[in-house]
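Asker: If you scroll down you'll find the structure; I have some questions about it.
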Amino acid sequence: MFRELKIAAAQFKPVRGDINENMQQHLQLISAAAVENVDVVIFPELSLTGYEPDLASSLAFSDVDRRWEPLLNATRQYGITAMIGAPVQNGDHKPGIGQFVLSPEQPICHYSKMHLHPGEEAYFTPGDRIMLLPYREHHLGLAICADTGVPSHAQSVVQAGASIYCASVLLSATGYAEDTAKLQRYAENYSVMVVMANFYGPSGGWNVVGQSAIWDSHGVRVAVAPADRRCLVIAQVGQVKLESKIVCL
């Protein structure tokens with residue numbers, strides 16, 4: 001039997017390197033998502049630390065990091081799966097840019113960004129494999145920022161079986177139009193839903209412009225957040241049509 005899926009992009013303003021403060025914002029957004037009966041919530045790139053490459057090595061997480069406990073407890077309490085951005089410990093090597101998946105019933109796992117933005121190689125190591133997250137009848141393909149600018153990444157994820165392309169990003173004022181146009185084309189060309197979670201406010205020297213958004217499998221943008229508000233962009237995937245809403249906190 002087909003079961004509907006509610007998925008949300010979470011948008012907020014990060015605090016540079018302040019994991020405790022950023023975690024509180026995550027917890028508040030997860031709680032708000034629970035009120036809306038959301039199943040899966042996606043946070044922006046490096047959401048727990050802010051986009052701060054110079055701090056990434058000292059703040060990096062592992063799958064078994066004890067710092068996950070408050071967030072893991074929240075996912076269990078509310079029955080929500082959360083995709084959360086943080087640097088990934090890589091032993092003696094530079095950290096990866098990770099998207100950690102916290103869910104009520106499964107061990108924590110992560111995806112590492114495969115395609116680094118110019119300059120990131122000084123601080124980060126790229127990942128080497130795509131990741132799909134099965135959820136009910138759906139398969140969620142994970143992508144982090146510059147991944148979405150490489151058409152072969154989206155193509156590989158879709159060919160592997162993704163029905164939803166989940167993009168955790170940091171998009172600035174100068175790059176927003178071009179980058180979101182690519183996401184729109186992926187939705188239209190591959191007949192997949194695209195969910196994009198972006199910050200707002202300054203982070204890592206970038207002027208980040210919010211406007212997190214969702215496109216349906218025809219390439220139609222069905223919801224977009226304001227440029228300067230903490231909010232959730234929510235879509236409900238049904239058998240007939242995609243319903244969406246914006247919830248600002």
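Letters A, B, ... mark the chains of the structure tokens in the order given; residue numbers begin at 1 per chain; ligand numbers begin at 1, in order shown.
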Excluding region 143-145 of chain A and residues on its chain fewer than 5 positions from it, collect all residues at most 10 Å away from it, counting only C-alpha atoms, and give them as an NGL selection string.

Answerer: :A and (44-46 or 85 or 97-99 or 111-117 or 130-132 or 150 or 153-154 or 157 or 165-171 or 179 or 196-198)

Asker: Quick one: of A:Ser244, A:Thr174, A:Ser212, A:Ser103, who's nearest to Ala9 (chain A), counting only C-alpha atoms?

Answerer: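 Among the listed residues, the smallest separation from Ala9 (chain A) belongs to A:Ser212.
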
Asker: Where in region 17-248 of chain A does DSSP assign strand (DSSP E), given as a PyMOL selection string?

Answerer: chain A and resi 40-42+81-90+93-102+109-112+132-135+138-144+164-168+193-197+200-203+206-209+213-215+221-224+231-237+242-248

Asker: Pick the closest to Asp65 (chain A) from A:Pro87, A:Lys245, A:Ser172, A:Asn207: which is it, counting only C-alpha atoms?

Answerer: A:Pro87
